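Student: Input file: input_3.csv. Contents: CSV, C-alpha atoms.
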chain,number,residue,atom,x,y,z
A,26,MET,CA,-25.7,-12.0,-14.0
A,27,ILE,CA,-25.1,-14.1,-10.9
A,28,PHE,CA,-21.4,-14.1,-9.9
A,29,VAL,CA,-20.2,-17.1,-7.9
A,30,ALA,CA,-16.8,-16.8,-6.1
A,31,VAL,CA,-15.0,-19.3,-3.9
A,32,GLY,CA,-11.8,-17.3,-3.3
A,33,THR,CA,-8.4,-18.3,-4.7
A,34,GLN,CA,-7.1,-20.5,-1.9
A,35,LEU,CA,-9.3,-23.5,-1.6
A,36,PRO,CA,-11.9,-25.4,-3.6
A,37,PHE,CA,-15.5,-25.3,-2.6
A,38,ASP,CA,-17.3,-28.0,-4.6
A,39,ARG,CA,-20.4,-28.1,-2.4
A,40,LEU,CA,-21.2,-24.5,-3.4
A,41,VAL,CA,-20.3,-24.9,-7.1
A,42,ARG,CA,-22.3,-28.1,-7.5
A,43,SER,CA,-25.3,-26.6,-5.8
A,44,ILE,CA,-25.3,-23.6,-8.0
A,45,ASP,CA,-24.8,-25.7,-11.1
A,46,GLU,CA,-27.7,-28.0,-10.2
A,47,TRP,CA,-29.9,-25.0,-9.4
A,48,ALA,CA,-29.0,-23.5,-12.8
A,49,ALA,CA,-29.9,-26.7,-14.6
A,50,SER,CA,-33.3,-26.8,-12.9
A,51,THR,CA,-34.0,-23.2,-13.8
A,52,PRO,CA,-32.7,-22.7,-17.4
A,53,GLY,CA,-32.0,-19.3,-18.7
A,54,ARG,CA,-29.9,-18.2,-15.8
A,55,ASP,CA,-26.8,-16.2,-16.5
A,56,VAL,CA,-24.3,-17.5,-14.0
A,57,PHE,CA,-20.5,-17.2,-13.9
A,58,ALA,CA,-18.5,-19.2,-11.3
A,59,GLN,CA,-14.9,-18.8,-10.2
A,60,ILE,CA,-14.2,-22.3,-8.8
A,61,ALA,CA,-10.5,-22.3,-7.9
A,62,ASN,CA,-9.0,-25.9,-8.0
A,63,GLY,CA,-12.3,-27.6,-7.4
A,64,ALA,CA,-12.7,-31.3,-8.5
A,65,TYR,CA,-16.2,-30.6,-9.7
A,66,THR,CA,-16.5,-28.8,-13.0
A,67,PRO,CA,-19.9,-27.2,-13.7
A,68,GLN,CA,-22.0,-28.4,-16.7
A,69,HIS,CA,-24.7,-25.8,-16.8
A,70,ILE,CA,-22.9,-22.5,-16.1
A,71,GLU,CA,-19.9,-20.5,-17.3
A,72,TRP,CA,-16.9,-20.9,-15.1
A,73,ALA,CA,-13.1,-20.3,-14.6
A,74,ARG,CA,-10.7,-21.6,-12.0
A,75,ASN,CA,-9.2,-18.2,-11.1
A,76,ILE,CA,-9.6,-14.7,-12.6
A,77,LEU,CA,-7.4,-11.7,-12.2
A,78,PRO,CA,-8.3,-9.0,-9.6
A,79,THR,CA,-9.3,-6.6,-12.4
A,80,GLU,CA,-11.7,-9.2,-13.9
A,81,PHE,CA,-13.0,-10.0,-10.5
A,82,GLN,CA,-13.9,-6.3,-9.9
A,83,ALA,CA,-15.5,-6.1,-13.4
A,84,ARG,CA,-17.6,-9.2,-12.8
A,85,LEU,CA,-18.7,-7.9,-9.5
A,86,GLU,CA,-19.7,-4.6,-11.0
A,87,GLY,CA,-21.7,-6.4,-13.7
A,88,CYS,CA,-23.5,-8.8,-11.4
A,89,HIS,CA,-26.9,-8.4,-9.7
A,90,LEU,CA,-26.0,-10.9,-7.0
A,91,LEU,CA,-22.8,-12.4,-5.5
A,92,VAL,CA,-22.9,-15.9,-4.2
A,93,ALA,CA,-19.8,-16.7,-2.3
A,94,HIS,CA,-18.0,-18.6,0.5
A,95,ALA,CA,-18.0,-16.5,3.7
A,96,GLY,CA,-14.7,-14.8,2.8
A,97,ILE,CA,-14.2,-11.2,3.9
A,98,GLY,CA,-12.7,-10.1,0.6
A,99,SER,CA,-15.7,-11.3,-1.4
A,100,ILE,CA,-18.2,-9.9,1.1
A,101,LEU,CA,-16.7,-6.4,1.6
A,102,SER,CA,-15.9,-6.0,-2.2
A,103,ALA,CA,-19.6,-6.7,-3.0
A,104,LEU,CA,-21.0,-4.5,-0.3
A,105,GLU,CA,-18.8,-1.6,-1.4
A,106,LEU,CA,-20.6,-1.8,-4.7
A,107,GLY,CA,-24.0,-2.2,-3.1
A,108,LYS,CA,-24.5,-5.8,-4.4
A,109,PRO,CA,-26.6,-8.3,-2.5
A,110,VAL,CA,-24.6,-11.2,-1.2
A,111,ILE,CA,-25.5,-14.8,-0.3
A,112,VAL,CA,-22.9,-16.7,1.6
A,113,LEU,CA,-22.5,-20.4,2.2
A,114,PRO,CA,-19.9,-20.7,5.0
A,115,ARG,CA,-17.2,-23.3,4.6
A,116,GLN,CA,-17.2,-26.0,7.2
A,117,ALA,CA,-14.1,-27.6,8.7
A,118,LEU,CA,-16.0,-30.8,9.3
A,119,LEU,CA,-16.5,-31.2,5.6
A,120,GLY,CA,-12.9,-30.5,4.8
A,121,GLU,CA,-13.7,-27.1,3.3
A,122,HIS,CA,-11.4,-25.0,5.6
A,123,ARG,CA,-8.9,-25.4,8.4
A,124,ASN,CA,-11.4,-24.2,11.0
A,125,ASP,CA,-15.0,-22.8,11.3
A,126,HIS,CA,-14.2,-19.1,11.3
A,127,GLN,CA,-16.5,-18.7,8.2
A,128,LEU,CA,-19.5,-19.8,10.3
A,129,ALA,CA,-18.7,-17.0,12.8
A,130,THR,CA,-18.2,-14.5,10.0
A,131,ALA,CA,-21.4,-15.5,8.3
A,132,LYS,CA,-23.3,-15.3,11.6
A,133,ARG,CA,-22.0,-11.8,12.5
A,134,PHE,CA,-22.5,-10.3,9.1
A,135,GLY,CA,-25.9,-12.0,8.8
A,136,GLU,CA,-27.0,-10.6,12.2
A,137,ARG,CA,-26.1,-7.1,10.9
A,138,GLY,CA,-28.3,-7.7,7.8
A,139,MET,CA,-25.3,-7.3,5.5
A,140,VAL,CA,-25.4,-10.8,3.9
A,141,HIS,CA,-27.9,-13.5,3.4
A,142,VAL,CA,-26.6,-16.7,5.0
A,143,ALA,CA,-27.4,-20.1,3.4
A,144,GLN,CA,-27.3,-22.7,6.2
A,145,ASP,CA,-27.0,-25.6,3.7
A,146,GLU,CA,-27.4,-26.4,0.0
A,147,THR,CA,-31.2,-26.6,0.2
A,148,ASP,CA,-31.3,-23.2,1.9
A,149,LEU,CA,-29.0,-21.8,-0.8
A,150,CYS,CA,-31.5,-22.9,-3.5
A,151,ARG,CA,-34.4,-21.3,-1.6
A,152,LEU,CA,-32.4,-18.0,-1.3
A,153,LEU,CA,-31.5,-18.1,-5.0
A,154,ASP,CA,-35.1,-18.5,-6.0
A,155,GLN,CA,-35.9,-15.4,-3.9
A,156,PHE,CA,-33.4,-13.4,-6.0
A,157,GLU,CA,-35.2,-13.9,-9.3
A,158,THR,CA,-35.7,-10.2,-9.5
A,159,PRO,CA,-32.8,-7.9,-8.7
A,160,VAL,CA,-33.2,-6.1,-5.4
A,161,SER,CA,-31.3,-3.1,-4.0
A,162,GLU,CA,-29.4,-3.8,-0.9
A,163,MET,CA,-27.1,-2.3,1.7
A,164,LYS,CA,-24.2,-0.4,0.3
A,165,ILE,CA,-21.3,0.3,2.6
A,166,SER,CA,-18.7,3.1,2.2
A,167,SER,CA,-15.2,2.2,1.1
A,168,GLU,CA,-13.7,3.4,4.4
A,169,ALA,CA,-13.3,1.7,7.8
A,170,SER,CA,-15.3,3.0,10.7
A,171,PRO,CA,-14.5,6.7,11.6
A,172,GLU,CA,-13.5,5.4,15.1
A,173,LEU,CA,-10.8,3.1,13.7
A,174,ILE,CA,-9.5,5.8,11.2
A,175,ARG,CA,-9.3,8.4,14.0
A,176,ASN,CA,-7.5,6.0,16.4
A,177,LEU,CA,-5.0,5.0,13.7
A,178,ARG,CA,-4.3,8.6,12.7
A,179,GLN,CA,-3.6,9.5,16.3
A,180,PHE,CA,-1.3,6.5,16.7
A,181,ILE,CA,0.6,7.5,13.5
A,182,SER,CA,0.9,11.1,14.6
A,183,GLN,CA,2.2,10.1,18.1
A,184,ALA,CA,4.7,7.7,16.6
A,185,THR,CA,6.2,10.4,14.4
A,186,CYS,CA,6.2,12.9,17.3
A,187,ASN,CA,7.9,10.6,19.7
A,188,LYS,CA,10.5,9.7,17.1
A,189,ARG,CA,11.3,13.3,16.5
A,190,GLY,CA,11.6,14.0,20.3
A,191,ALA,CA,13.8,11.1,20.9
B,11,MET,CA,2.3,17.8,17.6
B,12,SER,CA,4.6,17.1,14.7
B,13,GLU,CA,3.3,17.6,11.2
B,14,ARG,CA,6.2,15.7,9.6
B,15,PRO,CA,4.8,13.0,7.3
B,16,ALA,CA,5.4,9.5,8.7
B,17,LYS,CA,6.9,6.7,6.7
B,18,ILE,CA,4.3,4.0,6.9
B,19,LEU,CA,4.7,0.4,5.8
B,20,ALA,CA,1.2,-1.0,5.2
B,21,VAL,CA,1.2,-4.8,4.9
B,22,ALA,CA,-1.4,-7.4,4.1
B,23,SER,CA,-1.7,-10.9,2.6
B,24,GLY,CA,-4.1,-11.2,-0.4
B,25,GLY,CA,-7.8,-11.5,-0.5
B,26,GLY,CA,-9.7,-10.2,2.5
B,27,HIS,CA,-6.6,-9.0,4.3
B,28,TRP,CA,-5.8,-6.7,1.3
B,29,VAL,CA,-9.4,-5.5,1.0
B,30,GLN,CA,-9.4,-4.6,4.7
B,31,LEU,CA,-6.1,-2.7,4.4
B,32,GLN,CA,-7.4,-0.6,1.6
B,33,ARG,CA,-10.3,0.5,3.8
B,34,LEU,CA,-7.7,2.1,6.2
B,35,ARG,CA,-6.3,4.4,3.5
B,36,GLN,CA,-8.0,7.5,5.0
B,37,ALA,CA,-5.8,7.1,8.1
B,38,PHE,CA,-2.7,7.3,5.9
B,39,VAL,CA,-3.6,10.6,4.1
B,40,GLY,CA,-0.7,13.1,4.4
B,41,HIS,CA,1.8,10.4,5.1
B,42,GLN,CA,4.3,8.5,2.9
B,43,VAL,CA,3.0,4.9,2.5
B,44,THR,CA,4.6,1.8,1.0
B,45,PHE,CA,2.2,-1.1,0.6
B,46,VAL,CA,3.2,-4.7,0.7
B,47,THR,CA,0.9,-7.5,-0.4
B,48,VAL,CA,0.7,-10.8,-2.2
B,49,GLY,CA,0.3,-11.0,-5.9
B,50,PRO,CA,-1.6,-11.1,-8.2
B,51,CYS,CA,-2.9,-7.8,-7.2
B,52,ASP,CA,-4.4,-4.7,-8.8
B,53,THR,CA,-1.8,-2.2,-7.7
B,54,SER,CA,-3.6,0.7,-9.4
B,55,VAL,CA,-6.1,0.8,-6.6
B,56,VAL,CA,-3.5,2.4,-4.3
B,57,ALA,CA,-1.6,4.4,-6.9
B,58,PRO,CA,0.6,6.4,-6.8
B,59,ALA,CA,1.8,4.7,-3.6
B,60,PRO,CA,4.4,2.1,-4.2
B,61,VAL,CA,3.5,-1.6,-3.8
B,62,LYS,CA,6.0,-4.3,-3.1
B,63,LEU,CA,4.8,-7.8,-3.9
B,64,ILE,CA,5.7,-10.8,-1.8
B,65,SER,CA,5.0,-14.6,-1.7
B,66,ASP,CA,2.7,-15.6,1.1
B,67,ALA,CA,3.3,-18.4,3.6
B,68,ASN,CA,1.7,-20.0,6.6
B,69,ALA,CA,2.4,-22.3,9.4
B,70,ARG,CA,2.2,-25.4,7.1
B,71,THR,CA,4.7,-24.0,4.5
B,72,PRO,CA,8.0,-23.7,6.5
B,73,PHE,CA,10.3,-23.2,3.5
B,74,GLN,CA,8.1,-20.4,2.0
B,75,MET,CA,7.9,-18.9,5.5
B,76,MET,CA,11.7,-18.7,5.6
B,77,GLY,CA,11.7,-16.9,2.3
B,78,LEU,CA,8.9,-14.6,3.4
B,79,LEU,CA,10.8,-13.8,6.6
B,80,LEU,CA,14.0,-12.8,4.7
B,81,HIS,CA,12.1,-10.8,2.1
B,82,MET,CA,10.2,-8.9,4.8
B,83,ALA,CA,13.4,-8.2,6.7
B,84,TRP,CA,14.9,-6.7,3.5
B,85,ILE,CA,11.8,-4.6,2.8
B,86,VAL,CA,11.8,-3.2,6.4
B,87,LEU,CA,15.5,-2.4,6.2
B,88,ARG,CA,15.0,-0.6,2.9
B,89,VAL,CA,11.9,1.4,3.8
B,90,ARG,CA,12.9,2.2,7.4
B,91,PRO,CA,9.3,2.9,8.4
B,92,ASP,CA,8.2,5.0,11.4
B,93,VAL,CA,5.0,3.0,11.6
B,94,VAL,CA,4.1,-0.5,10.5
B,95,ILE,CA,0.3,-1.2,10.1
B,96,THR,CA,-0.9,-4.6,9.0
B,97,THR,CA,-4.2,-6.5,8.6
B,98,GLY,CA,-2.4,-9.8,8.7
B,99,ALA,CA,-1.6,-12.5,8.4
B,100,ALA,CA,2.0,-14.1,8.4
B,101,PRO,CA,3.6,-11.3,6.3
B,102,GLY,CA,2.1,-8.7,8.7
B,103,TYR,CA,3.4,-10.6,11.7
B,104,TRP,CA,7.0,-10.5,10.3
B,105,ALA,CA,6.7,-6.9,9.3
B,106,ILE,CA,5.7,-6.2,12.9
B,107,ARG,CA,8.7,-8.1,14.4
B,108,PHE,CA,11.3,-6.5,12.1
B,109,GLY,CA,9.6,-3.1,12.2
B,110,ARG,CA,9.8,-3.0,15.9
B,111,TRP,CA,13.5,-4.0,16.0
B,112,CYS,CA,14.1,-1.1,13.6
B,113,GLY,CA,12.4,1.3,16.0
B,114,ALA,CA,9.0,1.6,14.2
B,115,LYS,CA,5.7,1.8,16.1
B,116,THR,CA,3.6,-1.2,15.1
B,117,VAL,CA,-0.1,-2.1,14.9
B,118,PHE,CA,-1.5,-5.5,14.1
B,119,ILE,CA,-5.1,-5.5,13.1
B,120,ASP,CA,-6.6,-9.0,13.3
B,121,SER,CA,-9.0,-9.8,10.4
B,122,ILE,CA,-12.7,-9.1,10.9
B,123,ALA,CA,-13.1,-12.7,9.8
B,124,ASN,CA,-11.9,-13.8,13.2
B,125,ALA,CA,-15.2,-13.2,15.1
B,126,GLY,CA,-14.9,-16.2,17.4
B,127,GLN,CA,-11.3,-16.1,18.4
B,128,LEU,CA,-8.1,-14.3,17.4
B,129,SER,CA,-6.1,-15.8,14.5
B,130,LEU,CA,-2.8,-17.5,15.1
B,131,SER,CA,-0.8,-14.6,13.8
B,132,GLY,CA,-3.0,-12.3,15.9
B,133,ARG,CA,-2.3,-14.3,19.0
B,134,LEU,CA,1.4,-14.2,18.3
B,135,ALA,CA,1.2,-10.4,17.7
B,136,VAL,CA,-0.2,-9.7,21.2
B,137,GLY,CA,2.7,-8.4,23.3
B,138,ARG,CA,5.0,-8.2,20.2
B,139,ALA,CA,3.2,-5.4,18.3
B,140,ASP,CA,2.9,-2.1,20.2
B,141,VAL,CA,-0.8,-2.5,19.7
B,142,THR,CA,-2.8,-5.6,18.6
B,143,LEU,CA,-6.4,-4.9,17.6
B,144,THR,CA,-9.4,-7.2,17.3
B,145,GLN,CA,-12.4,-5.9,15.3
B,146,TRP,CA,-14.9,-7.5,17.7
B,147,PRO,CA,-15.4,-5.7,21.1
B,148,ASP,CA,-16.1,-9.0,22.9
B,149,LEU,CA,-12.7,-10.4,22.0
B,150,ALA,CA,-10.9,-7.4,23.5
B,151,ARG,CA,-8.9,-8.1,26.8
B,152,ASP,CA,-7.1,-5.8,29.2
B,153,SER,CA,-3.8,-7.6,28.3
B,154,GLY,CA,-4.6,-7.2,24.6
B,155,PRO,CA,-6.0,-7.3,22.0
B,156,CYS,CA,-7.7,-3.9,22.1
B,157,PHE,CA,-10.8,-2.8,20.2
B,158,TRP,CA,-10.4,0.5,18.3
B,159,GLY,CA,-13.2,0.1,15.8
B,160,SER,CA,-13.6,-2.1,12.7
B,161,VAL,CA,-13.0,-1.8,9.0
B,162,VAL,CA,-16.8,-1.9,8.4
Could you take the file, read its structure, and then write that structure out as structure tokens?
Tutor:
Amino acid sequence: MIFVAVGTQLPFDRLVRSIDEWAASTPGRDVFAQIANGAYTPQHIEWARNILPTEFQARLEGCHLLVAHAGIGSILSALELGKPVIVLPRQALLGEHRNDHQLATAKRFGERGMVHVAQDETDLCRLLDQFETPVSEMKISSEASPELIRNLRQFISQATCNKRGA
Amino acid sequence: MSERPAKILAVASGGGHWVQLQRLRQAFVGHQVTFVTVGPCDTSVVAPAPVKLISDANARTPFQMMGLLLHMAWIVLRVRPDVVITTGAAPGYWAIRFGRWCGAKTVFIDSIANAGQLSLSGRLAVGRADVTLTQWPDLARDSGPCFWGSVV
């Protein structure tokens, strides 16, 4: 199953329409899309506007590929399960977000080889065609970097210490 | 160094902010944590730690922001945390402000999504939180934010 997620906050018709049209041209695809309050409703794939966090997690566990906006929640949740991710970043110019931080997110995670970045709709279809067969991908741990954990533990411990001494 | 468990208030908006906060849980082991986030949310992922649900707000929703501010003040007064840790955004900013007034040590961790520049709440947190962190080394400055590592 291909799981498509646009996040809960904003519609992302460009992504949803692209996937729907791709699915129409390659029948037999098992695709489920979470589309938020998008104006475009898919004709060729299963969809829902929003799903509960537990269903989101279940869909993610059951999919072989996540196609999403470049939202951190979607990306990290998929990587923790070792699922490959294709992102299409939202663009402020197209009214898809308040600013272009998703372009920066996509670029940085793409450079690390953690996600596949679709530059546009055509590129997205090209990437989708490449994922005809399930592939194993990077899996990240469910923890932050040891450096960050260590620094925060130290901060917490000092805070408690100082308070006691005060 | 004291071994007394700290009372930690761990705050995040929904979506990516919440996912990032969960990735810090190893830092909270041995301490008494109260989570605060925006519903709907699967609270079982942090059980048995208590989770308080709030309504989110942002710069374009002033009335909701006022409600959020009051709700967060109430939560901070009830929990009386030693430490406030947040991964943003607006709820975390207010938790930092009220937390500090109540004597807590505070850390604002800007989302890893902000790879190009600090978020609005992150920029506001600099100088107001005890420590403001960016997750991208090239965004760190001597005057803040600092880089202490990332959630990935």
Student: I want to know what sits within 7 Å of range 38-50 of chain B, based on only C-alpha atoms, with residues of the same chain fewer than 6 positions away left out; could you give that as an MDAnalysis selection string?
Tutor: chainID B and resid 15:24 28 59:66
Student: Counting all atoms listed in the file, select every polymer residue within 8 Å of (2.7, 5.7, 12.5) as defined in the file's coordinates, and provide the selection as an MDAnalysis selection string.
Tutor: (chainID A and resid 177:178 180:185) or (chainID B and resid 16:18 92:95 114:116)
Student: Using all atoms listed in the file, pick whichever of B:Val55, B:Leu128, B:Ala135, B:Val161 has the shortest atom-to-atom distance to chain A.
Tutor: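 Of B:Val55, B:Leu128, B:Ala135, B:Val161, the one nearest chain A, counting all atoms listed in the file, is B:Val161.
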Student: Any idea what's packed within 12 Å of Thr66 in chain A, counting only C-alpha atoms, ignoring anything in its chain fewer than 3 positions away? Could you give it as number ranges by chain?
Tutor: A: 36-46, 58-63, 69-74
Student: Considering only C-alpha atoms, return as an NGL selection string whatever protein or nucleic-acid residues lie within 12 Å of Phe156 in chain A, sequence-local ones (same chain, fewer than 5 positions apart) excluded.
Tutor: :A and (26-27 or 54 or 89-92 or 108-111 or 141 or 149-151 or 161-162)
Student: Quick one: write out the picked residues with C-alpha atoms as a short mmCIF file (atom, residue, chain, number, x, y, z; two decimals), keeping the file's coordinate frame?
Tutor:
data_model
loop_
_atom_site.label_atom_id
_atom_site.label_comp_id
_atom_site.auth_asym_id
_atom_site.auth_seq_id
_atom_site.Cartn_x
_atom_site.Cartn_y
_atom_site.Cartn_z
CA MET A 26 -25.70 -12.00 -14.00
CA ILE A 27 -25.10 -14.10 -10.90
CA ARG A 54 -29.90 -18.20 -15.80
CA HIS A 89 -26.90 -8.40 -9.70
CA LEU A 90 -26.00 -10.90 -7.00
CA LEU A 91 -22.80 -12.40 -5.50
CA VAL A 92 -22.90 -15.90 -4.20
CA LYS A 108 -24.50 -5.80 -4.40
CA PRO A 109 -26.60 -8.30 -2.50
CA VAL A 110 -24.60 -11.20 -1.20
CA ILE A 111 -25.50 -14.80 -0.30
CA HIS A 141 -27.90 -13.50 3.40
CA LEU A 149 -29.00 -21.80 -0.80
CA CYS A 150 -31.50 -22.90 -3.50
CA ARG A 151 -34.40 -21.30 -1.60
CA SER A 161 -31.30 -3.10 -4.00
CA GLU A 162 -29.40 -3.80 -0.90
#
Student: Nearest to chain A: which of B:Ala67, B:Arg88, B:Val141, B:Val162 is it, counting all atoms listed in the file?
Tutor: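 With all atoms listed in the file as the atom set, the closest residue is B:Val162.
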